[in-house]
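Comments concern the structure below.
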Amino acid sequence: MLLLAFGHIASEVADGDLAKFDESVLLALRPPGDISDPVGPPWLEEAARDITALGSYTVLGIIVFASIAYMILMRRSVAALWVLASIAGGMFLSNALKAVFARPRPEIVEPAARVFSYSFPSGHATLSAVTFLTLGALLASQHNSWRLRIFFIGLAVILTILVGSSRVYLGVHYPTDVLAGWCVGAAWAALCWMVLRWLQREGTVEQPSDDALDEGDRADG
């Protein structure tokens, strides 16, 4: 479903059918007659820059490095290798798709952040989806508690949405760039999650244990 959605968006973008939609959204986020700054107070624009940094190579690299180091210290080398392969694969996929579509960045508004690559799909949206959803799935898989599973997956989804939305607000991506990035990033994360489940069934990666149950789940049981 996610790949079909990506394919549909990519086809519409290539044909130019969504150009009016993209432009109208970007212009709606700028004051009438002024395309130099996004709508809202100065602190909101600064907050958007802080949020968008969560999807940068630097921040995501630190998060992934810390996660892998932690798993190695916990002697979970297979899980660490799975995380590294998942994130590296998502990064390669994002860059490959950018090179294939080679869509220029938006020019209808003045960007409020610096950019260095093509526009479609959004790398921040793709890599934040891959990284946060992959790590969220890993953390959720280590617990039987449905409350903890919802917390980890919900937090991953919220962070992904915030990062992608900030790219449109700052004017460095069209909405369709971000939507496509979410689709391909979530699809890749879902594929990686299926691999993780297979590794758990094979006993290569630890299954959630009974001590992961919280008191509320014990009471429900």
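Chain labels follow the order of the structure tokens: the first chain is A, the next B, and so on; residue numbering restarts at 1 in every chain, and ligands are counted from 1 in their shown order.
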
Write out as a list in words the residues lying within 7 Å of region 113-123 of chain A, counting only C-alpha atoms and excluding same-chain residues fewer than 4 positions away.
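Listing them by chain and then by number gives Ser94, Leu97, Lys98, Phe101, Ala102, Arg103, Pro104, Arg105, Leu127, Leu170, Val172, His173, Asp177, Val178, Ala180 and Gly181 of chain A.
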
Would you return as a PyMOL selection string the members of region 42-148 of chain A that DSSP assigns to alpha helix (DSSP H) on this structure's backbone?
chain A and resi 42-53+57-73+77-101+123-141+146-148

Please list as a PyMOL selection string every residue within 12 Å of Ala190 (chain A), counting only C-alpha atoms and excluding residues in the same chain fewer than 3 positions away.
chain A and resi 1-3+86+90+129-138+153+182-187+193-197

May I have the residues within 12 Å of region 65-75 of chain A as a list in words, using only C-alpha atoms and disregarding those fewer than 2 positions away in the same chain?
Tyr57, Thr58, Val59, Leu60, Gly61, Ile62, Ile63, Ser77, Val78, Ala79, Ala80, Leu81, Trp82, Val83, Leu84, Ala85, Ser86, Ile87, Ala88, Thr131, Phe132, Thr134, Leu135, Gly136, Leu138, Leu139, Val205 and Glu206 of chain A

Do you know which residues are at most 10 Å from Tyr169 (chain A) counting only C-alpha atoms, after dropping those on the same chain fewer than 4 positions away, and could you put them as JSON, numbers by chain?
{"A": [25, 26, 27, 28, 29, 30, 37, 38, 39, 44, 45, 48, 49, 52, 111, 112, 164, 165, 173, 174, 175]}

Nearest residue to His124 (chain A) from the set A:His8, A:Arg201, A:Lys20, A:Arg167 (distances using only C-alpha atoms):
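For His124 (chain A), the nearest of the candidates is A:Arg167.
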